[in-house]
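Here the structure comes first, spelled out in structure tokens, and everything after it is commentary.
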Amino acid sequence: QVQLVESGGGLVQSGGSLRLSCAVSGMDFGVNIVGWFRQAPGKKRESVATITDSGTANYADSVQDRFTISRLNSETTMVYLQMTSLKPEDTAVYYCNYRSSVWNVWGQGTQVTVSS
């Protein structure tokens with residue numbers, strides 16, 4: 001069974017940086033995508049960045065050139081979201097997601113708060 005464990009959220013000032021980590025275990029074989037999503041109060045959950053098992057990354061326009069997603073494939077695959085030049089509007093609960101032909105699994109979420 002796929003399990004996701006997130007870490008790295010916290011409080012940071014505007015312009016600061018944070019790195020989120022997602023440990024993915026129990027992955028199935030084949031094509032998969034791991035992504036970071038976020039949900040701010042009163043808003044819908046939105047995609048922030050995704051990365052395929054082969055390393056192809058995609059970003060939301062709002063975080064392009066500020067956030068970087070990376071991935072280290074192993075028995076427990078680590079997926080990182082390096083966030084720089086953070087803005088108050090980046091404040092949200094950030095969720096890691098694993099998706100394959102069989103699974104669609106969400107992590108528990110980690111809070112990121114950016115103060116102005």
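Just so we're on the same page: first chain in the structure tokens is A, next is B, and so on; residues restart at 1 for each chain, and ligands are numbered from 1 in the order they show up.
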
**Study point:** Test item, strand (DSSP E) assignment across chain A, answer as a VMD selection string
**Key:** chain A and resid 3 to 7 10 to 13 18 to 25 32 to 39 46 to 52 57 to 59 67 to 72 77 to 83 92 to 100 104 to 106 110 to 115

Check your understanding: Which residues, written as a PyMOL selection string, have at least one atom at most 12 Å from Asn73 of chain A, with only C-alpha atoms counted and residues fewer than 6 positions away on the same chain left out?
Key -> chain A and resi 22-25+27+32-34+51-55+79-80

Point to revise | Residue among A:Asn97, A:Thr91, A:Asn104, A:Gln39 lying closest to Ser116 of chain A, counting only C-alpha atoms | key: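 Among A:Asn97, A:Thr91, A:Asn104, A:Gln39, it is A:Thr91 that comes nearest to Ser116 of chain A.
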
Point to revise | Neighbour list for Gln13 of chain A as a list in words, cut-off 10 Å, only C-alpha atoms, skip fewer than 3 positions in-chain | key: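 Residues meeting the cut-off are Gly16, Ser17, Ser85, Leu86, Lys87, Pro88, Thr113, Val114, Ser115 and Ser116 of chain A.
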
Resulting file, chosen residues, N, CA and C atoms, as a PDB file, in the first residue's frame:
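out.pdb, freshly written:
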```pdb
ATOM      1  N   GLY A  16      11.072  34.744   2.110  1.00  0.00           N
ATOM      2  CA  GLY A  16      11.866  33.645   2.637  1.00  0.00           C
ATOM      3  C   GLY A  16      11.696  32.365   1.844  1.00  0.00           C
ATOM      4  N   SER A  17      12.321  31.312   2.368  1.00  0.00           N
ATOM      5  CA  SER A  17      12.328  30.012   1.687  1.00  0.00           C
ATOM      6  C   SER A  17      11.947  28.896   2.645  1.00  0.00           C
ATOM      7  N   SER A  85      11.363  32.906  -2.469  1.00  0.00           N
ATOM      8  CA  SER A  85      10.620  34.159  -2.701  1.00  0.00           C
ATOM      9  C   SER A  85       9.154  34.003  -2.317  1.00  0.00           C
ATOM     10  N   LEU A  86       8.937  33.440  -1.152  1.00  0.00           N
ATOM     11  CA  LEU A  86       7.576  33.154  -0.716  1.00  0.00           C
ATOM     12  C   LEU A  86       6.779  34.435  -0.504  1.00  0.00           C
ATOM     13  N   LYS A  87       5.500  34.331  -0.815  1.00  0.00           N
ATOM     14  CA  LYS A  87       4.579  35.460  -0.702  1.00  0.00           C
ATOM     15  C   LYS A  87       3.448  35.079   0.256  1.00  0.00           C
ATOM     16  N   PRO A  88       2.795  36.063   0.842  1.00  0.00           N
ATOM     17  CA  PRO A  88       1.657  35.746   1.727  1.00  0.00           C
ATOM     18  C   PRO A  88       0.595  34.900   1.035  1.00  0.00           C
ATOM     19  N   THR A 113       2.820  28.944   6.270  1.00  0.00           N
ATOM     20  CA  THR A 113       2.298  30.275   6.543  1.00  0.00           C
ATOM     21  C   THR A 113       3.373  31.293   6.229  1.00  0.00           C
ATOM     22  N   VAL A 114       3.038  32.250   5.368  1.00  0.00           N
ATOM     23  CA  VAL A 114       3.978  33.296   4.981  1.00  0.00           C
ATOM     24  C   VAL A 114       3.446  34.615   5.516  1.00  0.00           C
ATOM     25  N   SER A 115       4.211  35.227   6.392  1.00  0.00           N
ATOM     26  CA  SER A 115       3.794  36.492   6.985  1.00  0.00           C
ATOM     27  C   SER A 115       4.310  37.661   6.162  1.00  0.00           C
ATOM     28  N   SER A 116       3.537  38.733   6.140  1.00  0.00           N
ATOM     29  CA  SER A 116       3.929  39.913   5.348  1.00  0.00           C
ATOM     30  C   SER A 116       4.773  40.868   6.164  1.00  0.00           C
TER      31      SER A 116
END
```

**Study point:** Nearest candidate to Val105 of chain A (options A:Thr84, A:Ser70, A:Gln1, A:Thr77; using only C-alpha atoms)
**Key:**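 The closest residue to Val105 of chain A is A:Gln1.
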
Practice item. Extract, using only C-alpha atoms, all DNA, RNA and protein residues at most 10 Å from Asn58 of chain A, discarding same-chain residues fewer than 6 positions from it, and format them as an MDAnalysis selection string. Key: chainID A and resid 35 47:52 64 68:69

Once you have the residues from the selection above, write them out as a PDB file, in the first residue's frame, restricted to N, CA, C and O atoms.
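Final output, selection.pdb:
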```pdb
ATOM      1  N   GLY A  35       2.904  14.793  -6.905  1.00  0.00           N
ATOM      2  CA  GLY A  35       2.676  16.225  -6.995  1.00  0.00           C
ATOM      3  C   GLY A  35       2.465  16.869  -5.646  1.00  0.00           C
ATOM      4  O   GLY A  35       2.173  16.206  -4.647  1.00  0.00           O
ATOM      5  N   SER A  47      -3.218  22.505  -7.922  1.00  0.00           N
ATOM      6  CA  SER A  47      -1.918  21.909  -8.194  1.00  0.00           C
ATOM      7  C   SER A  47      -0.841  22.975  -8.131  1.00  0.00           C
ATOM      8  O   SER A  47      -1.010  24.076  -8.661  1.00  0.00           O
ATOM      9  N   VAL A  48       0.258  22.646  -7.499  1.00  0.00           N
ATOM     10  CA  VAL A  48       1.404  23.551  -7.403  1.00  0.00           C
ATOM     11  C   VAL A  48       2.508  23.078  -8.348  1.00  0.00           C
ATOM     12  O   VAL A  48       3.018  23.834  -9.165  1.00  0.00           O
ATOM     13  N   ALA A  49       2.883  21.824  -8.224  1.00  0.00           N
ATOM     14  CA  ALA A  49       3.942  21.261  -9.058  1.00  0.00           C
ATOM     15  C   ALA A  49       3.815  19.748  -9.065  1.00  0.00           C
ATOM     16  O   ALA A  49       3.412  19.158  -8.068  1.00  0.00           O
ATOM     17  N   THR A  50       4.161  19.144 -10.193  1.00  0.00           N
ATOM     18  CA  THR A  50       4.138  17.688 -10.312  1.00  0.00           C
ATOM     19  C   THR A  50       5.416  17.219 -10.980  1.00  0.00           C
ATOM     20  O   THR A  50       6.062  17.981 -11.721  1.00  0.00           O
ATOM     21  N   ILE A  51       5.756  15.962 -10.715  1.00  0.00           N
ATOM     22  CA  ILE A  51       6.931  15.378 -11.337  1.00  0.00           C
ATOM     23  C   ILE A  51       6.660  13.904 -11.606  1.00  0.00           C
ATOM     24  O   ILE A  51       6.136  13.189 -10.746  1.00  0.00           O
ATOM     25  N   THR A  52       6.997  13.467 -12.814  1.00  0.00           N
ATOM     26  CA  THR A  52       6.770  12.075 -13.188  1.00  0.00           C
ATOM     27  C   THR A  52       7.922  11.204 -12.697  1.00  0.00           C
ATOM     28  O   THR A  52       8.956  11.696 -12.236  1.00  0.00           O
ATOM     29  N   GLN A  64       5.895  29.371 -10.918  1.00  0.00           N
ATOM     30  CA  GLN A  64       6.978  29.204 -11.891  1.00  0.00           C
ATOM     31  C   GLN A  64       8.134  30.137 -11.545  1.00  0.00           C
ATOM     32  O   GLN A  64       7.932  31.309 -11.233  1.00  0.00           O
ATOM     33  N   THR A  68      10.753  24.799  -6.975  1.00  0.00           N
ATOM     34  CA  THR A  68      11.391  23.733  -7.731  1.00  0.00           C
ATOM     35  C   THR A  68      11.026  22.391  -7.109  1.00  0.00           C
ATOM     36  O   THR A  68      11.215  22.194  -5.904  1.00  0.00           O
ATOM     37  N   ILE A  69      10.522  21.485  -7.925  1.00  0.00           N
ATOM     38  CA  ILE A  69      10.200  20.140  -7.472  1.00  0.00           C
ATOM     39  C   ILE A  69      11.304  19.200  -7.937  1.00  0.00           C
ATOM     40  O   ILE A  69      11.826  19.340  -9.045  1.00  0.00           O
TER      41      ILE A  69
END
```

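Separating atom CA of Glu75 of chain A from atom CA of Asp28 of chain A is a distance of 10.5 Å.
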
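Residues in contact with Gly107 of chain A at up to 8 Å, not including ones fewer than 5 positions away on its chain and judged by only C-alpha atoms, are Gln3, Leu4, Val5, Glu6, Tyr95, Cys96 and Asn97 of chain A.
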
Residues at most 6 Å from Thr110 of chain A, counting only C-alpha atoms, excluding those fewer than 3 positions away in the same chain, as a compact mmCIF listing (two decimals) with N, CA, C and O atoms, in the first residue's frame?
```txt
# COMPACT_ATOMS: atom_id res chain seq x y z
N GLY A 9 6.85 22.00 6.63
CA GLY A 9 6.08 23.24 6.66
C GLY A 9 6.48 24.11 7.83
O GLY A 9 7.31 23.73 8.66
N VAL A 93 -2.38 24.94 3.25
CA VAL A 93 -1.96 23.59 3.61
C VAL A 93 -1.49 22.92 2.33
O VAL A 93 -2.19 22.93 1.32
N TYR A 94 -0.28 22.38 2.38
CA TYR A 94 0.31 21.75 1.21
C TYR A 94 0.19 20.23 1.36
O TYR A 94 0.55 19.66 2.40
```

Practice item. Point out the residue among A:Trp106, A:Tyr59, A:Arg99, A:Met83 with the least atom-to-atom distance to Val12 of chain A, counting only C-alpha atoms. Key: A:Met83

**Study point:** atom CA of Lys44 of chain A to atom CA of Val2 of chain A, distance in Å rounded to a single decimal
**Key:**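 Interatomic distance, atom CA of Lys44 of chain A to atom CA of Val2 of chain A: 24.6 Å.
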